[in-house]
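Participant: Following this line is upload08.csv, made up of CSV, C-alpha atoms:
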```csv
chain,number,residue,atom,x,y,z
J,1,MET,CA,-16.9,-44.1,76.8
J,2,MET,CA,-20.5,-44.8,77.4
J,3,TRP,CA,-21.6,-42.3,74.8
J,4,TYR,CA,-23.3,-45.0,72.7
J,5,MET,CA,-26.0,-45.5,75.4
J,6,LEU,CA,-27.4,-42.0,74.6
J,7,PHE,CA,-27.8,-42.7,70.9
J,8,PRO,CA,-29.2,-46.2,70.1
J,9,PRO,CA,-27.9,-46.6,66.5
J,10,CYS,CA,-24.4,-46.3,67.9
J,11,LEU,CA,-24.9,-49.6,69.8
J,12,LEU,CA,-23.6,-51.3,66.7
J,13,GLY,CA,-20.1,-49.9,67.6
J,14,ALA,CA,-20.3,-50.9,71.2
J,15,PRO,CA,-18.5,-54.4,70.7
J,16,CYS,CA,-15.6,-52.7,69.0
J,17,ASP,CA,-15.4,-50.2,71.9
J,18,PHE,CA,-15.4,-52.9,74.5
J,19,MET,CA,-12.8,-54.9,72.6
J,20,CYS,CA,-10.4,-52.0,72.3
J,21,THR,CA,-10.7,-50.6,75.8
J,22,LYS,CA,-8.6,-53.1,77.6
J,23,GLN,CA,-5.7,-52.8,75.1
J,24,ASN,CA,-6.0,-49.0,75.1
J,25,ILE,CA,-5.6,-48.9,78.9
J,26,TYR,CA,-2.7,-51.3,78.7
J,27,ASP,CA,-0.9,-49.3,76.0
J,28,HIS,CA,-1.5,-46.0,77.8
J,29,ALA,CA,0.0,-47.4,81.0
J,30,ARG,CA,3.0,-48.8,79.2
J,31,ALA,CA,3.6,-45.6,77.3
J,32,GLN,CA,4.2,-43.5,80.5
J,33,HIS,CA,7.7,-42.9,81.8
J,34,ILE,CA,9.0,-40.7,84.7
J,35,CYS,CA,12.6,-39.7,85.4
J,36,ILE,CA,14.3,-37.6,88.1
J,37,SER,CA,17.3,-35.8,86.6
J,38,GLU,CA,19.7,-33.2,87.9
J,39,ASP,CA,17.5,-30.6,86.2
J,40,GLY,CA,14.1,-31.7,87.3
J,41,ILE,CA,11.3,-34.2,86.8
J,42,ARG,CA,10.8,-35.4,83.3
J,43,TYR,CA,7.5,-37.1,82.4
J,44,VAL,CA,7.0,-38.7,78.9
J,45,VAL,CA,4.0,-40.4,77.3
J,46,GLU,CA,5.2,-42.2,74.2
J,47,LYS,CA,3.2,-42.5,71.0
J,48,HIS,CA,0.3,-45.1,71.4
J,49,GLN,CA,-3.0,-46.2,70.0
J,50,THR,CA,-6.3,-44.9,71.3
J,51,GLY,CA,-10.0,-45.2,70.5
J,52,TRP,CA,-10.8,-48.0,68.0
J,53,ARG,CA,-7.0,-48.2,67.3
J,54,PHE,CA,-7.2,-46.8,63.8
J,55,GLU,CA,-4.0,-45.0,62.6
J,56,CYS,CA,-5.9,-41.7,62.6
J,57,GLU,CA,-6.6,-42.1,66.4
J,58,THR,CA,-2.9,-42.5,67.4
J,59,GLN,CA,-1.9,-40.3,70.3
J,60,GLY,CA,1.4,-38.5,69.7
J,61,LYS,CA,4.4,-38.3,72.1
J,62,VAL,CA,4.1,-35.8,74.9
J,63,THR,CA,7.0,-34.7,77.1
J,64,LYS,CA,6.9,-32.5,80.2
J,65,THR,CA,9.7,-31.3,82.3
J,66,VAL,CA,9.3,-29.6,85.7
J,67,PRO,CA,12.5,-27.9,86.8
J,68,PHE,CA,13.5,-28.1,90.4
J,69,ASP,CA,13.9,-24.3,90.7
J,70,LYS,CA,10.2,-23.8,89.8
J,71,LEU,CA,9.0,-26.7,92.1
J,72,THR,CA,6.9,-25.4,95.0
J,73,ASP,CA,5.0,-28.5,96.2
J,74,CYS,CA,5.0,-32.3,95.9
J,75,ASP,CA,2.2,-34.1,97.7
J,76,VAL,CA,1.1,-37.7,97.9
J,77,GLU,CA,-2.7,-38.4,98.1
J,78,GLU,CA,-3.3,-41.8,99.6
J,79,PRO,CA,-6.2,-43.9,98.3
J,80,ALA,CA,-9.4,-43.8,100.4
J,81,GLY,CA,-13.0,-44.6,99.7
J,82,ALA,CA,-14.6,-46.1,96.6
J,83,GLU,CA,-15.9,-44.9,93.3
J,84,GLY,CA,-18.3,-46.1,90.6
J,85,PRO,CA,-22.0,-46.9,90.5
J,86,VAL,CA,-23.7,-47.6,93.8
J,87,CYS,CA,-24.4,-51.2,92.7
J,88,CYS,CA,-20.7,-52.1,92.2
J,89,MET,CA,-18.4,-49.7,94.1
J,90,VAL,CA,-14.7,-50.3,93.6
J,91,GLN,CA,-12.1,-49.4,96.3
J,92,ARG,CA,-9.5,-46.8,95.3
J,93,THR,CA,-6.0,-48.4,95.4
J,94,LEU,CA,-3.8,-46.0,93.5
J,95,HIS,CA,-1.7,-43.3,95.1
J,96,ILE,CA,-1.7,-39.9,93.4
J,97,VAL,CA,1.4,-37.7,93.4
J,98,ASN,CA,0.7,-34.0,92.7
J,99,VAL,CA,3.6,-31.7,91.6
J,100,ASP,CA,3.0,-27.9,91.7
J,101,THR,CA,5.1,-25.0,90.5
J,102,ALA,CA,5.1,-21.3,91.2
J,103,SER,CA,3.6,-20.6,87.8
J,104,GLY,CA,1.0,-23.4,87.9
J,105,SER,CA,-2.7,-22.4,88.2
J,106,ARG,CA,-4.5,-23.6,91.3
J,107,ASP,CA,-7.7,-21.8,90.6
J,108,ASP,CA,-9.4,-24.9,89.1
J,109,GLY,CA,-7.7,-27.3,91.4
J,110,GLY,CA,-5.2,-28.3,88.7
J,111,HIS,CA,-1.6,-29.3,89.3
J,112,GLU,CA,1.4,-28.9,87.1
J,113,LEU,CA,1.9,-32.6,87.0
J,114,THR,CA,-0.3,-35.4,88.4
J,115,LEU,CA,1.0,-39.0,88.6
J,116,LYS,CA,-1.3,-41.9,89.4
J,117,GLY,CA,-0.2,-45.4,90.3
J,118,LEU,CA,3.5,-44.9,91.2
J,119,VAL,CA,4.8,-48.1,92.9
J,120,GLU,CA,6.7,-46.1,95.6
J,121,PRO,CA,5.2,-42.7,95.8
J,122,GLN,CA,6.8,-41.7,99.2
J,123,ALA,CA,10.2,-42.6,97.9
J,124,PHE,CA,9.6,-40.6,94.8
J,125,LYS,CA,8.5,-37.6,96.9
J,126,GLU,CA,11.6,-37.9,99.1
J,127,SER,CA,13.9,-38.1,96.0
J,128,VAL,CA,12.3,-35.1,94.5
J,129,TRP,CA,12.9,-33.0,97.7
J,130,ALA,CA,16.4,-34.3,98.1
J,131,CYS,CA,17.2,-33.3,94.5
J,132,LYS,CA,15.7,-29.9,95.0
J,133,ARG,CA,17.9,-29.4,98.0
J,134,GLY,CA,20.9,-30.8,96.1
J,135,GLU,CA,21.3,-33.7,98.4
J,136,HIS,CA,20.5,-36.6,96.1
J,137,PRO,CA,23.5,-39.0,96.4
J,138,GLY,CA,23.4,-40.1,92.8
J,139,LEU,CA,23.5,-36.6,91.4
J,140,ASN,CA,26.5,-35.6,93.5
J,141,LYS,CA,28.6,-38.5,92.1
J,142,LEU,CA,27.7,-37.4,88.5
J,143,HIS,CA,29.6,-34.1,89.1
J,144,THR,CA,32.8,-35.8,90.4
J,145,ILE,CA,33.4,-37.8,87.2
J,146,SER,CA,35.6,-35.7,84.8
J,147,LYS,CA,34.5,-35.1,81.3
J,148,PRO,CA,36.5,-37.0,78.6
J,149,ASP,CA,39.1,-35.0,76.8
J,150,GLN,CA,38.9,-34.2,73.1
J,151,GLN,CA,40.4,-36.5,70.5
J,152,SER,CA,43.5,-35.4,68.6
J,153,MET,CA,43.7,-35.3,64.8
J,154,GLY,CA,45.5,-38.7,64.8
J,155,GLY,CA,42.5,-40.5,66.3
J,156,GLN,CA,44.1,-41.5,69.6
J,157,THR,CA,42.1,-40.5,72.7
J,158,ILE,CA,43.8,-38.2,75.1
J,159,GLY,CA,43.0,-38.6,78.8
J,160,ALA,CA,41.0,-41.8,78.5
J,161,ALA,CA,42.3,-42.9,81.9
J,162,ASN,CA,40.7,-39.9,83.5
J,163,MET,CA,37.1,-41.1,83.1
J,164,GLY,CA,37.2,-43.3,86.2
J,165,ASP,CA,35.1,-46.3,87.1
J,166,THR,CA,31.6,-45.9,85.4
J,167,SER,CA,30.1,-49.1,86.9
J,168,GLU,CA,28.9,-47.2,90.0
J,169,LEU,CA,27.4,-44.5,87.8
J,170,ALA,CA,25.6,-47.2,85.7
J,171,SER,CA,24.1,-48.8,88.8
J,172,LEU,CA,22.9,-45.4,90.1
J,173,LEU,CA,21.2,-44.7,86.8
J,174,ARG,CA,19.5,-48.1,86.8
J,175,ARG,CA,18.3,-47.5,90.3
J,176,ASN,CA,17.0,-44.0,89.3
J,177,ASN,CA,15.1,-45.5,86.3
J,178,GLU,CA,13.5,-48.1,88.6
J,179,LEU,CA,12.0,-45.2,90.7
```
Could you render the structure as structure tokens?
Facilitator:
Amino acid sequence: MMWYMLFPPCLLGAPCDFMCTKQNIYDHARAQHICISEDGIRYVVEKHQTGWRFECETQGKVTKTVPFDKLTDCDVEEPAGAEGPVCCMVQRTLHIVNVDTASGSRDDGGHELTLKGLVEPQAFKESVWACKRGEHPGLNKLHTISKPDQQSMGGQTIGAANMGDTSELASLLRRNNEL
């Protein structure tokens, strides 16, 4: 981001860079979503603007799913220390959750999935391990609700009363989305 300091004619573009940086950070943070499903961890970064916010600099949607059967490790790094220039050090405040799989490469210190700034990282970690063991309470209830029957040719639904009460399922899905 500070590339313009190395090449003085580029200083003319510095005001645009500073004006767009705050909105780019906001858009990138708002574009990220995480979900724990019965199959694994799903991480999505929606389409958002980057750079000087021209149409040609738009970042496309990225989706990554880490299945529970491939999951080998889920660690939480707590914030410690400070970073930045010596004259204005800033304390680290964001937790980092690292998710590793059996096929992930650890040679360069990389992780399959790195999540920074989760509100409740310990609860996320506990939910991931509970789902891997098959103990997550919300996922067990999903399997007890029977699937709706097919419709007949006349348009009347057969077995509509077999669906059960879905309000409990809806509240569990809302709670899962909040994590």
Participant: From the set J:Gly110, J:Val119, J:Arg92, J:Gln23, which residue has the shortest atom-to-atom contact distance to J:Trp52, counting all atoms listed in the file?
Facilitator: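 That would be J:Gln23, the residue with the smallest distance to J:Trp52.
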Participant: Might you pull out every residue within 8 Å of J:Lys116, with only C-alpha atoms counted and same-chain residues fewer than 6 positions away left off, and present them as a list in words?
Facilitator: Leu94, His95, Ile96 and Val97 of chain J
Participant: Record the distance separating atom CA of J:Ala130 and atom CA of J:Leu71, expressed in Å with one decimal.
Facilitator: 12.2 Å
Participant: Could you tell me how far atom CA of J:Asp27 lies from atom CA of J:Glu46, in Å and to one decimal?
Facilitator: 9.5 Å
Participant: What does the structure give for the distance between atom CA of J:Val86 and atom CA of J:Asn98, in Å to one decimal?
Facilitator: 28.0 Å
Participant: In terms of the shortest atom-to-atom distance over all atoms listed in the file, which of J:Arg175, J:Phe68, J:Gly81, J:Ser103 is closest to J:Arg133?
Facilitator: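 With all atoms listed in the file as the atom set, the closest residue is J:Phe68.
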Participant: With distances taken over all atoms listed in the file, which of J:Ser167, J:Thr21, J:Thr72, J:Asn176 is nearest to J:Phe124?
Facilitator: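 Of J:Ser167, J:Thr21, J:Thr72, J:Asn176, the one nearest J:Phe124 is J:Asn176, counting all atoms listed in the file.
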Participant: Given all atoms listed in the file as the basis, pick out the residue of J:Asp69, J:Glu77, J:Glu112, J:Glu83 nearest to J:Trp129.
Facilitator: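 Between J:Asp69, J:Glu77, J:Glu112, J:Glu83, the residue approaching J:Trp129 most closely is J:Asp69.
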Participant: Determine the nearest neighbour of J:His33 from the options J:Asn177, J:Thr58, J:Ser171, J:Gln49, counting all atoms listed in the file.
Facilitator: J:Asn177
Participant: Given the choices J:Phe18, J:Leu169, J:Gln32, J:Gly84, which gets closest to J:Lys61 if the distance is worked out from only C-alpha atoms?
Facilitator: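 For J:Lys61, the nearest of the given residues is J:Gln32.
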Participant: Kindly extract all protein, DNA and RNA residues lying within 7 Å of the coordinates (5.2, -26.3, 94.4) given in the file, considering all atoms listed in the file, and supply them as a compact mmCIF listing (two decimals) with C-alpha atoms, keeping the file's coordinate frame.
Facilitator:
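Here's the written file result32.txt:
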```txt
# COMPACT_ATOMS: atom_id res chain seq x y z
CA LEU J 71 9.00 -26.70 92.10
CA THR J 72 6.90 -25.40 95.00
CA ASP J 73 5.00 -28.50 96.20
CA CYS J 74 5.00 -32.30 95.90
CA VAL J 99 3.60 -31.70 91.60
CA ASP J 100 3.00 -27.90 91.70
CA THR J 101 5.10 -25.00 90.50
CA ALA J 102 5.10 -21.30 91.20
```
